[in-house]
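Report on one structure; see the data block that follows.
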Amino acid sequence: MTIRTLFFPWSAGGGAGYTGRGLAAADRLDGRFECAFGPSAVARIVAEAGRPLVGVPSPGGPPGRVPAFLPFTDVERVWSVAGGYYRRKVAEADLRRDLAAIDAYRPHIVVTDMQPTAVLAARLRGLPVVSLADTDFLLSSPHPWMPWNTAAPTKLLPHPDALCVLNELAVVHGLAPVDHARELLWGERTVVPSSPEVEPEASAPAGRQEAAYVGPMYWDPPGPPYEPVRREGTRHVYVTIGSGGMVTERALREVLAALDRPDFTVFLSAGFAVADWVREHRNVQLGGFTGITGPIGWADLVLSHGGYSTVLASLEQGKPQVVLPFMSEQEANGRYFVAEHGAGLVARTTEVDPVDGTITYVNRHGGVTDDPVVPAVDIARTVDEIFADGAFAERAGYAQKVLARDRARGDLSEIFASVVC
């Protein structure tokens with residue numbers, strides 16, 4: 001039997017990492033599986049991977065204007081703010097979109113990576129769900145994406161609740177409502193692309209199996225891993241701070257200015273487009289979606305926005321990191337997966353007023369500020385701090401053995417096949 005598997009990765013506001021994670025999962029499945037991607041995926045990346053895209057993507061794309069830092073406290077806030085699911089017509093449209101893709105492809109399994117309308121669509125068609133999830137998607141704690149926050153989530157982002165709308169849709173179609181957003185992301189099987197020594201285990205709700213930790217999953221384009229050109233006598237720094245609305249040009253200018261030194265060779269993963277001014281930095285090599293395995297292997301230091309895949313891949317290869325976050329989950333990845341273990345530093349953290357939700361930025365070098373963009377001088381001092389202390393490089397490999405262990409024993413084919421009756 002060929003097991004037809006349809007992936008629905010989250011993509012509102014960008015989503016390349018979620019689509020890449022789905023592609024990496026598909027690549028780990030054996031010959032029993034036929035895999036396609038639903039309309040929530042990033043079409044360009046799916047096409048590059050040679051996988052079919054089913055259905056019609058929703059109009060739009062990355063938002064044109066986004067704050068320089070997004071204080072999401074959990075997945076419900078992402079659904080509301082980035083997905084717009086506090087508006088019933090938006091959630092209904094995406095539910096119809098996902099149902100149409102399921103009806104066209106007729107899968108045996110639906111795979112979600114944070115896409116709640118795909119979960120509702122799968123339930124309506126009586127299909128099992130496999131969920132790809134970070135642990136903080138699954139925790140029942142009040143602010144799992146931002147544990148240091150004690151203010152009400154709507155004080156930080158005052159959008160109406162999305163879960164109420166999703167529950168209304170569920171009830172209209174004869175499904176039971178859920179009490180917490182995380183319940184939609186526990187599938188018949190739930191897969192965490194990490195290890196419990198890196199991030200804590202979450203308790204499964206009643207009727208669901210505990211999550212399976214399967215080691216990192218991130219996608220590289222077909223072919224040998226891309227490796228930038230080495231320059232002997234220089235330190236090699238891989239820069240990947242995302243693309244789209246969350247990364248301002250000013251932030252990237254500060255990063256490249258901080259690294260514009262003759263003893264540094266920089267590789268910048270620039271995404272779909274490269275601004276002309278970037279080429280003014282003679283020590284910068286440019287790449288698009290080159291994958292991350294090769295550039296991380298090349299690097300002496302990874303400077304990233306704290307995206308989940310980049311952080312885990314850097315831990316897997318034992319490379320020290322500087323995390324420059326543009327949203328709360330990225331900051332959490334830097335705080336708890338990297339800095340807490342001495343594997344690197346977070347260039348800027350946040351503090352939240354518990355009463356009114358006002359955010360204060362605290363640069364590691366430079367201190368308290370109301371400017372979310374870290375100046376070049378502070379970034380340079382953070383990078384120098386890493387290179388001046390060899391212990392960071394030694395501690396960067398703290399998770400290599402456990403990540404390799406869970407990748408080796410995480411049999412995705414058996415996990416996925418177990419949900420098919």
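We name chains A, B, ... following the order of the structure tokens; residues begin at 1 in each chain, and ligands are numbered from 1 as shown.
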When you look at Ala391 of chain A with a cut-off of 10 Å (counting only C-alpha atoms), what residues show up, excluding the ones that are within fewer than 5 positions of it in the same chain? I need them as a list in words. Pro320, Gly342, Ala343, Gly344, Ile386 and Ala396 of chain A
Just the selected residues (N, CA and C atoms), exported as a JSON list (two decimals), in the first residue's frame, please.
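Listing of selection_10.json after writing:
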[["chain", "number", "residue", "atom", "x", "y", "z"],
["A", 320, "PRO", "N", 29.50, 27.43, 18.13],
["A", 320, "PRO", "CA", 29.02, 28.49, 19.02],
["A", 320, "PRO", "C", 28.13, 29.47, 18.26],
["A", 342, "GLY", "N", 25.82, 27.65, 27.94],
["A", 342, "GLY", "CA", 27.13, 28.20, 27.64],
["A", 342, "GLY", "C", 27.59, 27.96, 26.23],
["A", 343, "ALA", "N", 26.65, 27.66, 25.32],
["A", 343, "ALA", "CA", 26.99, 27.37, 23.93],
["A", 343, "ALA", "C", 27.01, 28.61, 23.06],
["A", 344, "GLY", "N", 26.75, 29.77, 23.64],
["A", 344, "GLY", "CA", 26.72, 31.01, 22.90],
["A", 344, "GLY", "C", 26.06, 32.10, 23.72],
["A", 386, "ILE", "N", 32.64, 35.93, 22.27],
["A", 386, "ILE", "CA", 32.65, 34.51, 21.92],
["A", 386, "ILE", "C", 34.05, 34.07, 21.52],
["A", 396, "ALA", "N", 29.69, 24.34, 22.95],
["A", 396, "ALA", "CA", 28.73, 24.36, 21.84],
["A", 396, "ALA", "C", 28.29, 22.95, 21.44]]
Segment 306-359 of chain A: residues DSSP assigns to helix (DSSP H, G or I), reported as a tab-separated table (two decimals) with C-alpha atoms, in the first residue's frame:
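File written: states28.tsv
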chain	number	residue	atom	x	y	z
A	308	TYR	CA	14.52	26.75	15.58
A	309	SER	CA	16.14	24.86	12.71
A	310	THR	CA	19.28	27.01	12.68
A	311	VAL	CA	19.76	26.75	16.44
A	312	LEU	CA	19.30	22.96	16.44
A	313	ALA	CA	21.53	22.47	13.40
A	314	SER	CA	24.26	24.56	15.04
A	315	LEU	CA	24.00	22.49	18.21
A	316	GLU	CA	24.14	19.33	16.12
A	317	GLN	CA	27.41	20.51	14.54
A	328	SER	CA	9.87	35.92	21.47
A	329	GLU	CA	10.29	32.24	20.50
A	330	GLN	CA	13.62	33.05	18.87
A	331	GLU	CA	14.72	34.76	22.06
A	332	ALA	CA	13.61	31.72	24.06
A	333	ASN	CA	15.60	29.42	21.77
A	334	GLY	CA	18.66	31.57	22.36
A	335	ARG	CA	18.15	31.83	26.11
A	336	TYR	CA	17.33	28.20	26.89
A	337	PHE	CA	18.93	26.11	24.14
A	338	VAL	CA	22.13	28.16	23.75
A	339	ALA	CA	23.04	30.68	26.48
A	340	GLU	CA	21.81	28.58	29.41
A	341	HIS	CA	24.24	25.85	28.34
Would you pick out the contacts of segment 199-208 of chain A at 12 Å or less, using only C-alpha atoms, so that residues sharing its chain but fewer than 5 positions from it are not included, and give the list as JSON, numbers by chain? {"A": [128, 129, 130, 131, 133, 134, 135, 136, 137, 138, 139, 140, 141, 144, 178, 179, 180, 181, 182, 183, 184, 185, 186, 187, 188, 189, 190, 191, 192, 193, 194, 213, 215, 308, 312, 332, 333, 334, 335, 336, 337, 338, 340, 341, 399, 402, 403, 419]}
Preceding selection exported with C-alpha atoms as a PDB file, in the first residue's frame:
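The resulting out-v3.pdb:
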ATOM      1  CA  PRO A 128      -5.306  10.811  11.269  1.00  0.00           C
ATOM      2  CA  VAL A 129      -2.989  13.721  12.049  1.00  0.00           C
ATOM      3  CA  VAL A 130       0.752  13.630  12.582  1.00  0.00           C
ATOM      4  CA  SER A 131       1.962  16.853  14.180  1.00  0.00           C
ATOM      5  CA  ALA A 133       6.049  20.558  16.726  1.00  0.00           C
ATOM      6  CA  ASP A 134       8.536  22.396  18.882  1.00  0.00           C
ATOM      7  CA  THR A 135       7.966  21.503  22.523  1.00  0.00           C
ATOM      8  CA  ASP A 136       6.757  25.030  23.250  1.00  0.00           C
ATOM      9  CA  PHE A 137       3.829  24.411  20.866  1.00  0.00           C
ATOM     10  CA  LEU A 138       2.699  21.688  23.255  1.00  0.00           C
ATOM     11  CA  LEU A 139       3.258  22.995  26.773  1.00  0.00           C
ATOM     12  CA  SER A 140       0.302  23.932  28.957  1.00  0.00           C
ATOM     13  CA  SER A 141       2.174  26.692  30.803  1.00  0.00           C
ATOM     14  CA  PRO A 144       5.514  28.899  26.682  1.00  0.00           C
ATOM     15  CA  VAL A 178     -10.782  22.348  22.778  1.00  0.00           C
ATOM     16  CA  ASP A 179      -9.761  24.093  25.974  1.00  0.00           C
ATOM     17  CA  HIS A 180      -6.273  25.102  24.912  1.00  0.00           C
ATOM     18  CA  ALA A 181      -4.599  25.866  21.597  1.00  0.00           C
ATOM     19  CA  ARG A 182      -1.994  23.168  22.201  1.00  0.00           C
ATOM     20  CA  GLU A 183      -4.667  20.441  21.998  1.00  0.00           C
ATOM     21  CA  LEU A 184      -5.016  21.051  18.267  1.00  0.00           C
ATOM     22  CA  LEU A 185      -1.302  20.331  17.851  1.00  0.00           C
ATOM     23  CA  TRP A 186      -1.269  16.943  19.536  1.00  0.00           C
ATOM     24  CA  GLY A 187      -1.893  14.513  16.706  1.00  0.00           C
ATOM     25  CA  GLU A 188      -2.432  10.784  16.742  1.00  0.00           C
ATOM     26  CA  ARG A 189       1.362  10.965  16.761  1.00  0.00           C
ATOM     27  CA  THR A 190       3.381  14.046  17.611  1.00  0.00           C
ATOM     28  CA  VAL A 191       6.985  14.458  16.499  1.00  0.00           C
ATOM     29  CA  VAL A 192       9.493  16.878  18.055  1.00  0.00           C
ATOM     30  CA  PRO A 193      12.628  17.393  15.917  1.00  0.00           C
ATOM     31  CA  SER A 194      14.930  17.731  18.904  1.00  0.00           C
ATOM     32  CA  TYR A 213      11.829  13.046  19.849  1.00  0.00           C
ATOM     33  CA  GLY A 215      16.499  14.633  16.325  1.00  0.00           C
ATOM     34  CA  TYR A 308      14.524  26.753  15.576  1.00  0.00           C
ATOM     35  CA  LEU A 312      19.301  22.959  16.444  1.00  0.00           C
ATOM     36  CA  ALA A 332      13.609  31.715  24.056  1.00  0.00           C
ATOM     37  CA  ASN A 333      15.600  29.420  21.768  1.00  0.00           C
ATOM     38  CA  GLY A 334      18.661  31.567  22.362  1.00  0.00           C
ATOM     39  CA  ARG A 335      18.150  31.830  26.114  1.00  0.00           C
ATOM     40  CA  TYR A 336      17.328  28.205  26.893  1.00  0.00           C
ATOM     41  CA  PHE A 337      18.935  26.115  24.136  1.00  0.00           C
ATOM     42  CA  VAL A 338      22.128  28.165  23.755  1.00  0.00           C
ATOM     43  CA  GLU A 340      21.814  28.583  29.409  1.00  0.00           C
ATOM     44  CA  HIS A 341      24.241  25.846  28.335  1.00  0.00           C
ATOM     45  CA  ALA A 399      23.920  18.301  22.665  1.00  0.00           C
ATOM     46  CA  VAL A 402      21.866  13.219  22.210  1.00  0.00           C
ATOM     47  CA  LEU A 403      20.750  14.847  18.946  1.00  0.00           C
ATOM     48  CA  VAL A 419      -1.478   6.072  12.473  1.00  0.00           C
TER      49      VAL A 419
END
Polymer residues at most 9 Å from Val420 of chain A, only C-alpha atoms, same-chain spacing of 5 or more positions, as a list in words: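 Skipping anything fewer than 5 positions along the chain leaves Ile3, His108, Ile109, Leu127 and Pro128 of chain A.
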Write the residues of the selection above to a file with C-alpha atoms, as a short mmCIF file (atom, residue, chain, number, x, y, z; two decimals), in the first residue's frame.
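Below you can see part08.cif, which holds the result:
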data_model
loop_
_atom_site.label_atom_id
_atom_site.label_comp_id
_atom_site.auth_asym_id
_atom_site.auth_seq_id
_atom_site.Cartn_x
_atom_site.Cartn_y
_atom_site.Cartn_z
CA ILE A 3 0.59 5.83 2.07
CA HIS A 108 -4.20 8.70 4.24
CA ILE A 109 -2.35 11.03 6.66
CA LEU A 127 -8.11 11.40 8.76
CA PRO A 128 -5.31 10.81 11.27
#
Name all residues at most 6 Å from Tyr361 of chain A (count only C-alpha atoms; drop same-chain ones fewer than 2 positions away) and give them as a ChimeraX atom specification. /A:349-350,368-370
Neighbours of Arg409 of chain A within 10 Å (only C-alpha atoms; same-chain residues fewer than 2 positions away dropped), as a ChimeraX atom specification? /A:213-215,404-407,411-412
Identify, on the basis of only C-alpha atoms, every residue whose closest approach to His281 of chain A does not exceed 12 Å; exclude the query and any residue fewer than 5 positions from it along the same chain; express the result as number ranges by chain. A: 252-262, 264-268, 275-276, 286
With 9 Å as the cut-off and only C-alpha atoms counted, what is the closest atom pair between each nearby residue of segment 317-343 of chain A and segment 229-245 of chain A? Distances in Å to one decimal, ordered by chain and number, as a Markdown table.
| residue | atom | partner | partner_atom | distance |
| --- | --- | --- | --- | --- |
| A:Val323 | CA | A:Ile241 | CA | 8.8 |
| A:Leu324 | CA | A:Ile241 | CA | 7.5 |
| A:Pro325 | CA | A:Ile241 | CA | 8.1 |
| A:Phe326 | CA | A:Ile241 | CA | 8.6 |
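Nearest to Gly410 of chain A of all the residues A:Val111, A:Val78, A:Asp378, A:Pro216 is A:Pro216, counting only C-alpha atoms.
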Coordinates-based distance that separates atom CA of Val383 of chain A from atom CA of Leu301 of chain A (Å, one decimal): 8.4 Å
Of the listed residues A:Asp371, A:Lys319, A:Glu414, A:Ile45, that which approaches Arg395 of chain A most closely, counting only C-alpha atoms: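 Selected residue with least distance to Arg395 of chain A: A:Lys319.
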Between atom CA of Glu168 of chain A and atom CA of Val54 of chain A, what is the distance in Å, rounded to a tenth? 26.7 Å
Of the listed residues A:Phe416, A:Pro147, A:Gly126, A:Trp219, that which approaches Gly294 of chain A most closely, counting only C-alpha atoms: A:Trp219
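Taking only C-alpha atoms into account, Arg250 of chain A lies nearest to A:Ala68 out of the set A:Ala68, A:Cys421, A:Leu95, A:Leu169.
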Just checking: using only C-alpha atoms, which residue out of A:Arg32, A:Arg88, A:Arg282, A:Arg77 ends up closest to Lys155 of chain A?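 Closest residue, counting only C-alpha atoms: A:Arg77.
Distance-wise, atom CA of Thr293 of chain A and atom CA of Val75 of chain A end up 27.6 Å apart.
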If DSSP is run on the backbone, what residues of segment 304-359 of chain A are strand (DSSP E)? A reply as a PyMOL selection string would be ideal. chain A and resi 304+321-323+344-346+348-352+359
